[in-house]
Every structure is written in C-alpha cells, then in structure tokens.
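The next block is run.json, given as JSON, C-alpha atoms and all ligand atoms.
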```
[["chain", "number", "residue", "atom", "x", "y", "z"],
["D", 1, "MET", "CA", 314.06, 12.71, -112.10],
["D", 2, "ILE", "CA", 313.86, 16.13, -113.78],
["D", 3, "ARG", "CA", 315.36, 19.33, -112.38],
["D", 4, "ALA", "CA", 314.90, 22.51, -114.41],
["D", 5, "ARG", "CA", 316.26, 25.84, -113.21],
["D", 6, "GLY", "CA", 316.22, 29.10, -115.13],
["D", 7, "ILE", "CA", 315.87, 27.55, -118.56],
["D", 8, "HIS", "CA", 315.97, 30.01, -121.40],
["D", 9, "LYS", "CA", 315.38, 28.99, -124.99],
["D", 10, "SER", "CA", 315.16, 31.28, -128.01],
["D", 11, "TYR", "CA", 314.89, 30.56, -131.70],
["D", 12, "ARG", "CA", 316.95, 32.55, -134.18],
["D", 13, "LEU", "CA", 314.73, 33.84, -136.94],
["D", 14, "ALA", "CA", 315.92, 34.64, -140.45],
["D", 15, "GLY", "CA", 314.52, 36.81, -143.24],
["D", 16, "ALA", "CA", 312.09, 39.68, -142.68],
["D", 17, "ARG", "CA", 311.55, 38.68, -139.03],
["D", 18, "ALA", "CA", 315.27, 38.27, -138.34],
["D", 19, "GLY", "CA", 316.20, 38.29, -134.66],
["D", 20, "GLU", "CA", 315.68, 36.20, -131.56],
["D", 21, "LEU", "CA", 312.33, 34.73, -130.57],
["D", 22, "PRO", "CA", 312.44, 34.03, -126.83],
["D", 23, "VAL", "CA", 310.13, 31.10, -126.00],
["D", 24, "LEU", "CA", 311.21, 29.84, -122.56],
["D", 25, "ARG", "CA", 312.27, 32.69, -120.26],
["D", 26, "GLY", "CA", 313.39, 31.18, -116.99],
["D", 27, "VAL", "CA", 311.57, 27.88, -116.55],
["D", 28, "ASP", "CA", 311.86, 26.20, -113.14],
["D", 29, "PHE", "CA", 310.28, 22.91, -112.06],
["D", 30, "ASP", "CA", 311.05, 19.51, -110.57],
["D", 31, "VAL", "CA", 309.54, 16.15, -111.41],
["D", 32, "GLY", "CA", 310.05, 13.27, -109.02],
["D", 33, "ALA", "CA", 310.76, 9.69, -110.10],
["D", 34, "GLY", "CA", 307.53, 7.85, -110.92],
["D", 35, "GLU", "CA", 305.39, 11.00, -111.20],
["D", 36, "PHE", "CA", 302.79, 11.45, -113.91],
["D", 37, "THR", "CA", 302.98, 15.09, -115.04],
["D", 38, "ALA", "CA", 300.87, 16.85, -117.65],
["D", 39, "VAL", "CA", 302.44, 19.85, -119.42],
["D", 40, "VAL", "CA", 299.78, 22.28, -120.62],
["D", 41, "GLY", "CA", 299.65, 25.78, -122.09],
["D", 42, "ARG", "CA", 298.17, 27.70, -124.99],
["D", 43, "SER", "CA", 299.17, 26.92, -128.54],
["D", 44, "GLY", "CA", 302.62, 28.42, -129.17],
["D", 45, "SER", "CA", 303.45, 28.68, -125.45],
["D", 46, "GLY", "CA", 306.51, 26.42, -125.80],
["D", 47, "LYS", "CA", 305.35, 22.94, -124.78],
["D", 48, "SER", "CA", 306.93, 21.15, -127.74],
["D", 49, "THR", "CA", 310.03, 23.29, -127.30],
["D", 50, "LEU", "CA", 310.35, 22.07, -123.69],
["D", 51, "LEU", "CA", 309.71, 18.48, -124.81],
["D", 52, "ALA", "CA", 312.49, 18.70, -127.41],
["D", 53, "LEU", "CA", 314.88, 19.85, -124.67],
["D", 54, "LEU", "CA", 313.79, 17.04, -122.31],
["D", 55, "GLY", "CA", 314.12, 14.52, -125.11],
["D", 56, "GLY", "CA", 317.71, 15.56, -125.85],
["D", 57, "LEU", "CA", 316.67, 16.56, -129.39],
["D", 58, "ASP", "CA", 317.75, 20.18, -128.84],
["D", 59, "THR", "CA", 320.56, 21.11, -126.46],
["D", 60, "ASP", "CA", 320.76, 24.79, -127.45],
["D", 61, "TYR", "CA", 319.44, 26.27, -124.18],
["D", 62, "SER", "CA", 320.81, 28.07, -121.15],
["D", 63, "GLY", "CA", 320.13, 27.25, -117.51],
["D", 64, "GLU", "CA", 320.13, 23.90, -115.79],
["D", 65, "LEU", "CA", 318.22, 20.91, -117.15],
["D", 66, "LYS", "CA", 319.07, 17.65, -115.47],
["D", 67, "VAL", "CA", 317.33, 14.37, -116.24],
["D", 68, "ALA", "CA", 318.31, 11.34, -114.17],
["D", 69, "GLY", "CA", 321.17, 13.45, -112.81],
["D", 70, "LYS", "CA", 322.61, 14.37, -116.23],
["D", 71, "GLU", "CA", 322.89, 17.92, -117.52],
["D", 72, "LEU", "CA", 321.67, 17.40, -121.07],
["D", 73, "ARG", "CA", 323.65, 20.13, -122.83],
["D", 74, "ALA", "CA", 326.88, 18.79, -121.29],
["D", 75, "LEU", "CA", 326.48, 15.36, -122.93],
["D", 76, "SER", "CA", 328.64, 14.33, -125.88],
["D", 77, "ASP", "CA", 326.91, 13.19, -129.08],
["D", 78, "ALA", "CA", 327.47, 9.54, -128.10],
["D", 79, "GLU", "CA", 326.08, 10.15, -124.61],
["D", 80, "LEU", "CA", 323.06, 11.96, -126.08],
["D", 81, "SER", "CA", 322.37, 9.01, -128.39],
["D", 82, "ALA", "CA", 322.54, 6.62, -125.44],
["D", 83, "TYR", "CA", 320.27, 8.95, -123.44],
["D", 84, "ARG", "CA", 317.69, 9.08, -126.24],
["D", 85, "ASN", "CA", 317.86, 5.35, -126.82],
["D", 86, "ALA", "CA", 317.81, 4.02, -123.27],
["D", 87, "THR", "CA", 317.17, 6.58, -120.51],
["D", 88, "ILE", "CA", 314.04, 7.99, -122.11],
["D", 89, "GLY", "CA", 311.26, 6.81, -124.38],
["D", 90, "PHE", "CA", 309.77, 9.43, -126.72],
["D", 91, "VAL", "CA", 306.35, 9.09, -128.34],
["D", 92, "PHE", "CA", 305.98, 11.62, -131.14],
["D", 93, "GLN", "CA", 302.68, 13.01, -132.31],
["D", 94, "ALA", "CA", 303.22, 11.46, -135.75],
["D", 95, "PHE", "CA", 304.18, 8.02, -134.31],
["D", 96, "HIS", "CA", 306.88, 7.37, -136.97],
["D", 97, "LEU", "CA", 305.81, 3.73, -137.39],
["D", 98, "LEU", "CA", 307.38, 1.79, -140.29],
["D", 99, "ASP", "CA", 304.79, 0.08, -142.43],
["D", 100, "HIS", "CA", 307.16, -2.32, -144.20],
["D", 101, "LEU", "CA", 307.68, -3.97, -140.80],
["D", 102, "SER", "CA", 305.19, -5.93, -138.70],
["D", 103, "CYS", "CA", 303.91, -4.36, -135.49],
["D", 104, "GLU", "CA", 306.16, -6.56, -133.33],
["D", 105, "ASP", "CA", 309.20, -5.65, -135.45],
["D", 106, "ASN", "CA", 308.33, -1.96, -134.97],
["D", 107, "VAL", "CA", 308.31, -2.46, -131.19],
["D", 108, "ALA", "CA", 311.67, -4.27, -131.34],
["D", 109, "LEU", "CA", 313.23, -1.56, -133.54],
["D", 110, "PRO", "CA", 315.11, 0.16, -130.67],
["D", 111, "ALA", "CA", 317.12, -3.07, -130.23],
["D", 112, "LEU", "CA", 318.87, -2.28, -133.53],
["D", 113, "PHE", "CA", 320.29, 0.91, -132.01],
["D", 114, "SER", "CA", 321.17, -0.67, -128.68],
["D", 115, "VAL", "CA", 324.41, 0.40, -127.08],
["D", 116, "GLN", "CA", 324.38, -2.77, -125.00],
["D", 117, "GLY", "CA", 325.13, -5.08, -127.92],
["D", 118, "LYS", "CA", 323.07, -7.38, -130.06],
["D", 119, "GLU", "CA", 320.19, -9.39, -128.65],
["D", 120, "SER", "CA", 319.04, -12.56, -130.38],
["D", 121, "LYS", "CA", 315.90, -12.38, -132.51],
["D", 122, "ASP", "CA", 314.06, -14.56, -129.97],
["D", 123, "VAL", "CA", 314.91, -12.16, -127.15],
["D", 124, "ARG", "CA", 313.88, -9.13, -129.23],
["D", 125, "LEU", "CA", 310.55, -10.59, -130.29],
["D", 126, "GLY", "CA", 309.88, -11.95, -126.81],
["D", 127, "ARG", "CA", 310.29, -8.44, -125.39],
["D", 128, "ALA", "CA", 308.17, -6.94, -128.18],
["D", 129, "ARG", "CA", 305.33, -9.40, -127.55],
["D", 130, "GLU", "CA", 305.48, -8.80, -123.80],
["D", 131, "LEU", "CA", 305.13, -5.05, -124.45],
["D", 132, "MET", "CA", 302.31, -5.48, -126.95],
["D", 133, "GLU", "CA", 300.45, -7.51, -124.35],
["D", 134, "MET", "CA", 301.16, -4.82, -121.76],
["D", 135, "VAL", "CA", 299.57, -2.11, -123.90],
["D", 136, "GLY", "CA", 296.64, -4.32, -124.93],
["D", 137, "ILE", "CA", 297.33, -5.11, -128.61],
["D", 138, "SER", "CA", 298.86, -8.59, -128.39],
["D", 139, "ASP", "CA", 296.57, -9.79, -131.21],
["D", 140, "LYS", "CA", 298.30, -7.39, -133.66],
["D", 141, "CYS", "CA", 301.86, -8.74, -133.51],
["D", 142, "GLY", "CA", 302.13, -9.91, -137.12],
["D", 143, "THR", "CA", 300.06, -7.19, -138.77],
["D", 144, "ARG", "CA", 301.23, -3.94, -140.38],
["D", 145, "PRO", "CA", 300.85, -0.63, -138.50],
["D", 146, "SER", "CA", 298.70, 0.89, -141.29],
["D", 147, "THR", "CA", 295.92, -1.59, -140.46],
["D", 148, "LEU", "CA", 295.62, -0.31, -136.87],
["D", 149, "SER", "CA", 293.20, 2.28, -135.50],
["D", 150, "GLY", "CA", 294.55, 5.59, -134.17],
["D", 151, "GLY", "CA", 294.35, 4.37, -130.57],
["D", 152, "GLN", "CA", 296.11, 1.11, -131.47],
["D", 153, "LYS", "CA", 298.88, 3.04, -133.28],
["D", 154, "GLN", "CA", 299.33, 5.14, -130.15],
["D", 155, "ARG", "CA", 299.65, 1.95, -128.05],
["D", 156, "LEU", "CA", 302.15, 0.55, -130.53],
["D", 157, "ALA", "CA", 304.24, 3.73, -130.37],
["D", 158, "ILE", "CA", 304.13, 3.61, -126.56],
["D", 159, "ALA", "CA", 305.17, -0.06, -126.55],
["D", 160, "ARG", "CA", 308.15, 0.76, -128.78],
["D", 161, "ALA", "CA", 309.16, 3.68, -126.54],
["D", 162, "LEU", "CA", 309.19, 1.29, -123.56],
["D", 163, "TYR", "CA", 311.47, -1.28, -125.23],
["D", 164, "HIS", "CA", 314.58, -0.38, -123.22],
["D", 165, "LYS", "CA", 312.68, 0.12, -119.94],
["D", 166, "PRO", "CA", 313.23, 3.91, -119.91],
["D", 167, "GLN", "CA", 313.18, 5.86, -116.67],
["D", 168, "LEU", "CA", 311.20, 8.65, -118.34],
["D", 169, "LEU", "CA", 308.46, 8.35, -120.95],
["D", 170, "ILE", "CA", 307.76, 11.58, -122.86],
["D", 171, "CYS", "CA", 304.66, 11.91, -125.05],
["D", 172, "ASP", "CA", 303.56, 14.74, -127.34],
["D", 173, "GLU", "CA", 299.75, 15.12, -127.57],
["D", 174, "PRO", "CA", 299.01, 11.39, -127.21],
["D", 175, "THR", "CA", 295.23, 11.78, -127.43],
["D", 176, "GLY", "CA", 295.17, 14.68, -129.92],
["D", 177, "ASN", "CA", 293.70, 12.68, -132.79],
["D", 178, "LEU", "CA", 291.69, 10.10, -130.85],
["D", 179, "ASP", "CA", 287.99, 9.73, -130.17],
["D", 180, "SER", "CA", 287.03, 10.03, -126.52],
["D", 181, "ALA", "CA", 286.79, 6.27, -125.86],
["D", 182, "SER", "CA", 290.29, 5.65, -127.31],
["D", 183, "ALA", "CA", 291.62, 8.68, -125.42],
["D", 184, "SER", "CA", 290.19, 7.34, -122.12],
["D", 185, "ALA", "CA", 291.84, 3.98, -122.73],
["D", 186, "ILE", "CA", 295.23, 5.64, -123.39],
["D", 187, "ILE", "CA", 294.90, 7.66, -120.18],
["D", 188, "ALA", "CA", 294.07, 4.47, -118.28],
["D", 189, "LEU", "CA", 297.18, 2.89, -119.80],
["D", 190, "PHE", "CA", 299.34, 5.80, -118.57],
["D", 191, "ARG", "CA", 297.97, 5.44, -115.06],
["D", 192, "LYS", "CA", 298.65, 1.71, -115.04],
["D", 193, "LEU", "CA", 302.16, 2.24, -116.38],
["D", 194, "ARG", "CA", 302.79, 4.80, -113.65],
["D", 195, "ASP", "CA", 301.33, 2.52, -110.96],
["D", 196, "GLU", "CA", 302.77, -0.80, -112.06],
["D", 197, "SER", "CA", 306.02, -0.09, -113.91],
["D", 198, "GLY", "CA", 307.08, 3.02, -111.98],
["D", 199, "VAL", "CA", 308.08, 4.90, -115.15],
["D", 200, "THR", "CA", 308.06, 8.71, -114.88],
["D", 201, "LEU", "CA", 305.52, 10.13, -117.34],
["D", 202, "THR", "CA", 305.72, 13.61, -118.85],
["D", 203, "ILE", "CA", 302.87, 14.25, -121.24],
["D", 204, "VAL", "CA", 302.28, 17.39, -123.31],
["D", 205, "THR", "CA", 298.57, 17.80, -123.85],
["D", 206, "HIS", "CA", 295.63, 20.04, -124.60],
["D", 207, "ASP", "CA", 293.32, 17.34, -123.22],
["D", 208, "PRO", "CA", 291.80, 18.33, -119.86],
["D", 209, "THR", "CA", 291.09, 14.67, -119.03],
["D", 210, "ILE", "CA", 294.83, 13.90, -119.13],
["D", 211, "ALA", "CA", 295.50, 16.90, -116.88],
["D", 212, "ALA", "CA", 292.79, 15.61, -114.51],
["D", 213, "ALA", "CA", 294.35, 12.14, -114.45],
["D", 214, "ALA", "CA", 297.93, 13.36, -113.87],
["D", 215, "ASP", "CA", 299.55, 13.69, -110.44],
["D", 216, "ARG", "CA", 300.24, 17.30, -111.26],
["D", 217, "VAL", "CA", 300.10, 19.87, -113.99],
["D", 218, "ILE", "CA", 302.84, 22.17, -115.23],
["D", 219, "GLU", "CA", 301.47, 25.12, -117.17],
["D", 220, "ILE", "CA", 303.69, 27.17, -119.46],
["D", 221, "ARG", "CA", 302.51, 30.76, -119.63],
["D", 222, "ASP", "CA", 304.46, 33.78, -120.92],
["D", 223, "GLY", "CA", 307.62, 31.68, -121.13],
["D", 224, "VAL", "CA", 307.64, 30.57, -117.50],
["D", 225, "VAL", "CA", 306.06, 27.72, -115.60],
["D", 226, "GLU", "CA", 302.97, 28.09, -113.50],
["D", 227, "LEU", "CA", 303.08, 25.12, -111.17],
["D", 228, "GLY", "CA", 299.89, 23.19, -110.56],
["D", 229, "GLY", "CA", 299.51, 21.46, -107.23],
["D", 230, "VAL", "CA", 299.30, 17.75, -106.64],
["D", 231, "ASN", "CA", 296.16, 16.54, -108.33],
["D", 232, "THR", "CA", 294.45, 14.85, -105.41],
["D", 233, "SER", "CA", 291.43, 13.87, -107.48],
["D", 234, "ALA", "CA", 293.54, 11.91, -109.97],
["D", 235, "ALA", "CA", 293.34, 8.60, -108.13],
["D", 236, "SER", "CA", 289.57, 8.45, -108.14],
["D", 237, "ALA", "CA", 288.47, 10.63, -111.05],
["D", 238, "ALA", "CA", 290.38, 9.10, -113.94],
["D", 239, "PRO", "CA", 288.87, 6.40, -116.09],
["D", 240, "SER", "CA", 290.00, 2.88, -115.42],
["D", 241, "GLY", "CA", 291.09, 0.61, -118.26],
["D", 242, "ASP", "CA", 290.99, -3.06, -118.84],
["D", 243, "GLU", "CA", 294.57, -3.51, -120.01],
["D", 244, "GLU", "CA", 296.81, -5.76, -118.05],
["D", 245, "VAL", "CA", 300.07, -3.99, -117.32],
["D", 246, "ARG", "CA", 303.07, -5.70, -115.84],
["D", 247, "PRO", "CA", 306.17, -3.98, -114.51],
["R", 301, "LIG", "N1", 312.32, 25.72, -135.08],
["R", 301, "LIG", "C1", 311.72, 26.88, -134.79],
["R", 301, "LIG", "N2", 312.16, 28.03, -135.30],
["R", 301, "LIG", "C2", 311.57, 29.21, -135.00],
["R", 301, "LIG", "N3", 310.49, 29.31, -134.18],
["R", 301, "LIG", "C3", 309.99, 28.19, -133.64],
["R", 301, "LIG", "C4", 310.57, 26.91, -133.91],
["R", 301, "LIG", "N4", 309.86, 25.98, -133.23],
["R", 301, "LIG", "C5", 308.88, 26.64, -132.58],
["R", 301, "LIG", "N5", 308.96, 27.97, -132.82],
["R", 301, "LIG", "C6", 308.11, 29.00, -132.23],
["R", 301, "LIG", "O1", 308.24, 28.91, -130.81],
["R", 301, "LIG", "C7", 306.98, 29.13, -130.17],
["R", 301, "LIG", "C8", 306.65, 27.90, -129.31],
["R", 301, "LIG", "O2", 306.39, 26.81, -130.17],
["R", 301, "LIG", "P1", 306.04, 25.35, -129.60],
["R", 301, "LIG", "O3", 305.86, 24.45, -130.78],
["R", 301, "LIG", "O4", 307.01, 24.96, -128.58],
["R", 301, "LIG", "O5", 304.61, 25.64, -128.90],
["R", 301, "LIG", "P2", 303.51, 24.62, -128.36],
["R", 301, "LIG", "O6", 303.11, 25.14, -127.03],
["R", 301, "LIG", "O7", 304.03, 23.23, -128.43],
["R", 301, "LIG", "O8", 302.35, 24.83, -129.41],
["R", 301, "LIG", "P3", 301.17, 23.82, -129.88],
["R", 301, "LIG", "O9", 300.30, 23.60, -128.66],
["R", 301, "LIG", "O10", 300.46, 24.61, -130.94],
["R", 301, "LIG", "O11", 301.82, 22.56, -130.39],
["R", 301, "LIG", "C9", 305.99, 29.41, -131.27],
["R", 301, "LIG", "O12", 305.88, 30.82, -131.41],
["R", 301, "LIG", "C10", 306.63, 28.82, -132.51],
["R", 301, "LIG", "O13", 306.24, 29.50, -133.67]]
```
I'd like the structure from this file rewritten - as structure tokens, please.
Ligand SMILES: Nc1ncnc2c1ncn2[C@@H]1O[C@H](COP(=O)(O)OP(=O)(O)OP(=O)(O)O)[C@@H](O)[C@H]1O
Amino acid sequence: MIRARGIHKSYRLAGARAGELPVLRGVDFDVGAGEFTAVVGRSGSGKSTLLALLGGLDTDYSGELKVAGKELRALSDAELSAYRNATIGFVFQAFHLLDHLSCEDNVALPALFSVQGKESKDVRLGRARELMEMVGISDKCGTRPSTLSGGQKQRLAIARALYHKPQLLICDEPTGNLDSASASAIIALFRKLRDESGVTLTIVTHDPTIAAAADRVIEIRDGVVELGGVNTSAASAAPSGDEEVRP
C-alpha cells in the first residue's frame, strides 16, 4: 500500500535562521495493505512531516513515495484532490468539525467534494448514519459536534474520514487529548476497523498503548526510519471494545 524509498524532505527557513532544515534524510519503509502501523519518534523528529507527505498535503520531497501504486509528487492538482478525497481518509489532530452542521452532516461532508458526482441526500445521510453506528455514536446523529466529548469528536472525525471507503486511513495523534478510557476505546475501534473493514491504518502517536496495539511500529530517528518488527503481542494485548464495526 505504501512504498517509501530514500525520501528526503527539508524546510526552507527565512530570516535570521535562513537556510535549509533537513527533516527526513533518506526514509525507507513499506506498509502492506490492511496493516495497522504506528509511527513514533521524539517531538520534532518529523512524524507530522511524513504524514503531510502521505496525505498528499505536501509534495515537495525527493525520493520515491508511492501510495496505492501512485507516486504522489507526480500527480496533477486534480489527481491530488481525488487522492485526498477518495483514496485516503485523514483525521487531523484538530478534527476540523463544523459546528453549524449536525454530526451526520459533518460525516456526509466529503460527498460535497465527490469526484464521482452527486449522491441524493438520502444516500448521503444513509451512509453517514451507517458510519456513525460503526464508530459507536449513532445516538448523536442530529446533535452538534460541540456537544460531544473528546472521544466522541474523535469517532466523528474518523467516521467522516471513512465516508468514501478509503484504502488508507491516516491519523495524527488520535488519543493525544483523551483520557485513558476514551483512548482505549479509540484503539479498540482501530483494531476492529483493521480486522473487519480491511482499511490500512497509519497512525502517528506518542501513545505507547497504540504502538502496542499496532501490527508494527515505524520509528523516525535522526531523519531516518528505524523499523520495528511485527508486533506479535498486538492480537492479545490490546484492549477490546464494544463497538460494532461492519466492513
Ligand atoms: N512548515 C515548516 N517550516 C519550517 N520548519 C518546519 C515546518 N514544519 C515543521 N518544521 C520543523 O521540522 C521538524 C519536524 O517537525 P514535525 O512537526 O514533522 O515533527 P513531529 O515529529 O511531528 O513533532 P511533534 O511530535 O512535536 O508533533 C521540526 O524541527 C519542526 O520545527
């Protein structure tokens, strides 16, 4: 699903610190379809930078970065938009939920940017409700996002990212602001999604319990990737949730 070879990424700095700041200095890794991978590393190591590349938000890199067989920096603007809208789902740390819309309308929002043409309102809301049930917040369809807890907002953002049945779900620090019970439930949701929908999960995290639950861990250190092995304890050690998840 993901093939990264020799990725280099630098930021150009202006002002007193003018020059190049190299962040990724030859990153190599592969992620197979359906794998649950945790990306870890110290603060400032380049995790969000890598996520922005994977999400097609930044194509200013050198090396090879293929997702679902596509070299991201070779895509046209239209192809990148289609990639961001349909091939991947991206859950940002700040959720970006719209409070003037109901929760179900937030989940159906990606339909407005669909490249496949307009769906009827019934179809959109049907899909949104199915996803809200999948992530365990079906009782919140008509309410506003601001009335949800942190864990519920995270579920809502995940449901929205799944609207177009992406092949790859990318999340930035999904348990960063959650209490441990909510964090455990989100991790259980990831495992169920991986097991029952087959989506490939790439999660940037500082949370050791996500790393323990993942199939494997990719650590960014000194601008390169230290590859973790297959996490054989993941199947038995991770918390189990009570959400019902359907493919
Ligand atoms: N737009 C930018 N312009 C210049 N430097 C940047 C930019 N974005 C990130 N950096 C720098 O690149 C380095 C890597 O940042 P990045 O946000 O990818 O790290 P991170 O591992 O995600 O950190 P954290 O765990 O704290 O979120 C840091 O030194 C950061 O200051």
Using all atoms listed in the file, determine which residues lie at most 9 Å from His164 of chain D, disregarding the query and same-chain residues fewer than 4 positions distant; provide the list as a PyMOL selection string. chain D and resi 85-89+110-111+114+160
All residues 10 Å or closer to Leu162 of chain D, only C-alpha atoms, same chain fewer than 2 positions away omitted, as a PyMOL selection string: chain D and resi 86+88-91+107-108+110+127-128+131+156-160+164-169+199
Glu219 of chain D proximity check over D:Ile137, D:Ala68, D:Leu178, D:Val27, using only C-alpha atoms: winner is D:Val27
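Counting only C-alpha atoms, the residue from D:Thr59, D:Thr205, D:Ser197, D:Thr175 that sits nearest to Ser43 of chain D is D:Thr205.
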Once you count only C-alpha atoms and all ligand atoms, what closest atom pair and distance in Å to one decimal does each residue of chain D within 7 Å of ligand LIG 301 (chain R) have, with rows by chain and rising residue number, as CSV?
```
residue,atom,partner,partner_atom,distance
D:Tyr11,CA,R:LIG301,C2,4.9
D:Arg12,CA,R:LIG301,C2,6.4
D:Leu13,CA,R:LIG301,C2,5.9
D:Leu21,CA,R:LIG301,N3,6.8
D:Val23,CA,R:LIG301,C7,5.6
D:Gly41,CA,R:LIG301,O6,6.1
D:Arg42,CA,R:LIG301,O9,5.9
D:Ser43,CA,R:LIG301,O9,3.5
D:Gly44,CA,R:LIG301,O5,3.4
D:Ser45,CA,R:LIG301,O6,3.9
D:Gly46,CA,R:LIG301,O4,3.2
D:Lys47,CA,R:LIG301,O6,3.9
D:Ser48,CA,R:LIG301,O7,3.6
D:Thr49,CA,R:LIG301,O4,3.7
D:Leu50,CA,R:LIG301,O4,6.6
```
With 6 Å of padding per side, what axis-aligned box (centre and edge lengths, Å, one decimal) covers all the listed atoms of segment 14-27 of chain D? Give it as lines of an AutoDock Vina configuration file.
```
center_x = 313.2
center_y = 33.8
center_z = -129.9
size_x = 18.1
size_y = 23.8
size_z = 38.7
```
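For the atom pair formed by atom CA of Thr202 of chain D and atom CA of Gln93 of chain D, the distance is 13.8 Å, given to one decimal.
The space between atom CA of Gly198 of chain D and atom CA of Gly34 of chain D spans 5.0 Å.
Minimum atom-to-atom distances from D:Thr143, D:Thr200, D:Gln154, D:Ser81 to Ser102 of chain D were compared using all atoms listed in the file, and the lowest value belongs to D:Thr143.
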Which residues are close to Ile210 of chain D, i.e. within 9 Å by all atoms listed in the file, leaving aside same-chain residues fewer than 3 positions away? Reply as a list in words. Ala38, Thr175, Ala183, Ser184, Ile187, Ile203, Thr205, His206, Asp207, Ala213, Ala214 and Ala238 of chain D
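We find atom CA of Cys141 of chain D and atom CA of Glu173 of chain D to be spaced 24.7 Å apart.
Distances from D:Ser10, D:Ser62, D:Thr37, D:Asn106 to Ala161 of chain D were compared using all atoms listed in the file, and the smallest one belongs to D:Asn106.
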D:Arg73, D:Lys121, D:Arg25, D:Lys9: which is nearest Arg221 of chain D, counting only C-alpha atoms? D:Arg25
Residues around (317.5, 27.1, -122.8), cut-off 7 Å, counting all atoms listed in the file - what are they as a PyMOL selection string? chain D and resi 7-9+24+60-63
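For the residues D:Gly6, D:Gly150, D:Pro22, D:Gly56, ranking by smallest atom-to-atom distance to Ala94 of chain D using only C-alpha atoms places D:Gly150 first.
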Would you save segment 115-133 of chain D to a file, keeping N, CA and C atoms, as a PDB file, in the first residue's frame?
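Generated output (part_6.pdb):
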```pdb
ATOM      1  N   VAL D 115     -15.775  13.344  -6.541  1.00  0.00           N
ATOM      2  CA  VAL D 115     -15.473  13.414  -7.975  1.00  0.00           C
ATOM      3  C   VAL D 115     -16.381  12.465  -8.750  1.00  0.00           C
ATOM      4  N   GLN D 116     -17.146  11.649  -8.004  1.00  0.00           N
ATOM      5  CA  GLN D 116     -17.989  10.658  -8.676  1.00  0.00           C
ATOM      6  C   GLN D 116     -19.394  11.175  -8.959  1.00  0.00           C
ATOM      7  N   GLY D 117     -19.634  12.462  -8.711  1.00  0.00           N
ATOM      8  CA  GLY D 117     -20.953  13.002  -8.988  1.00  0.00           C
ATOM      9  C   GLY D 117     -21.802  13.069  -7.733  1.00  0.00           C
ATOM     10  N   LYS D 118     -22.938  13.703  -7.888  1.00  0.00           N
ATOM     11  CA  LYS D 118     -23.802  13.974  -6.730  1.00  0.00           C
ATOM     12  C   LYS D 118     -24.571  12.734  -6.285  1.00  0.00           C
ATOM     13  N   GLU D 119     -24.610  12.526  -4.979  1.00  0.00           N
ATOM     14  CA  GLU D 119     -25.464  11.484  -4.416  1.00  0.00           C
ATOM     15  C   GLU D 119     -26.701  12.172  -3.852  1.00  0.00           C
ATOM     16  N   SER D 120     -27.808  11.452  -3.790  1.00  0.00           N
ATOM     17  CA  SER D 120     -29.010  12.053  -3.214  1.00  0.00           C
ATOM     18  C   SER D 120     -28.805  12.234  -1.713  1.00  0.00           C
ATOM     19  N   LYS D 121     -29.616  13.129  -1.127  1.00  0.00           N
ATOM     20  CA  LYS D 121     -29.497  13.382   0.311  1.00  0.00           C
ATOM     21  C   LYS D 121     -29.738  12.095   1.100  1.00  0.00           C
ATOM     22  N   ASP D 122     -30.707  11.283   0.653  1.00  0.00           N
ATOM     23  CA  ASP D 122     -30.997  10.026   1.356  1.00  0.00           C
ATOM     24  C   ASP D 122     -29.775   9.113   1.373  1.00  0.00           C
ATOM     25  N   VAL D 123     -29.104   9.030   0.239  1.00  0.00           N
ATOM     26  CA  VAL D 123     -27.913   8.166   0.147  1.00  0.00           C
ATOM     27  C   VAL D 123     -26.823   8.703   1.068  1.00  0.00           C
ATOM     28  N   ARG D 124     -26.613  10.030   1.043  1.00  0.00           N
ATOM     29  CA  ARG D 124     -25.564  10.636   1.871  1.00  0.00           C
ATOM     30  C   ARG D 124     -25.823  10.389   3.355  1.00  0.00           C
ATOM     31  N   LEU D 125     -27.065  10.651   3.772  1.00  0.00           N
ATOM     32  CA  LEU D 125     -27.359  10.506   5.202  1.00  0.00           C
ATOM     33  C   LEU D 125     -27.383   9.038   5.609  1.00  0.00           C
ATOM     34  N   GLY D 126     -27.798   8.169   4.693  1.00  0.00           N
ATOM     35  CA  GLY D 126     -27.774   6.736   4.978  1.00  0.00           C
ATOM     36  C   GLY D 126     -26.349   6.268   5.256  1.00  0.00           C
ATOM     37  N   ARG D 127     -25.417   6.724   4.416  1.00  0.00           N
ATOM     38  CA  ARG D 127     -24.003   6.363   4.601  1.00  0.00           C
ATOM     39  C   ARG D 127     -23.474   6.965   5.909  1.00  0.00           C
ATOM     40  N   ALA D 128     -23.844   8.221   6.171  1.00  0.00           N
ATOM     41  CA  ALA D 128     -23.362   8.881   7.393  1.00  0.00           C
ATOM     42  C   ALA D 128     -23.855   8.129   8.635  1.00  0.00           C
ATOM     43  N   ARG D 129     -25.118   7.707   8.613  1.00  0.00           N
ATOM     44  CA  ARG D 129     -25.664   7.017   9.800  1.00  0.00           C
ATOM     45  C   ARG D 129     -25.023   5.646   9.974  1.00  0.00           C
ATOM     46  N   GLU D 130     -24.771   4.981   8.853  1.00  0.00           N
ATOM     47  CA  GLU D 130     -24.089   3.672   8.905  1.00  0.00           C
ATOM     48  C   GLU D 130     -22.710   3.831   9.562  1.00  0.00           C
ATOM     49  N   LEU D 131     -22.000   4.914   9.176  1.00  0.00           N
ATOM     50  CA  LEU D 131     -20.657   5.135   9.719  1.00  0.00           C
ATOM     51  C   LEU D 131     -20.717   5.531  11.191  1.00  0.00           C
ATOM     52  N   MET D 132     -21.717   6.329  11.555  1.00  0.00           N
ATOM     53  CA  MET D 132     -21.822   6.729  12.957  1.00  0.00           C
ATOM     54  C   MET D 132     -22.126   5.524  13.832  1.00  0.00           C
ATOM     55  N   GLU D 133     -22.898   4.595  13.286  1.00  0.00           N
ATOM     56  CA  GLU D 133     -23.152   3.356  14.026  1.00  0.00           C
ATOM     57  C   GLU D 133     -21.848   2.552  14.135  1.00  0.00           C
TER      58      GLU D 133
END
```
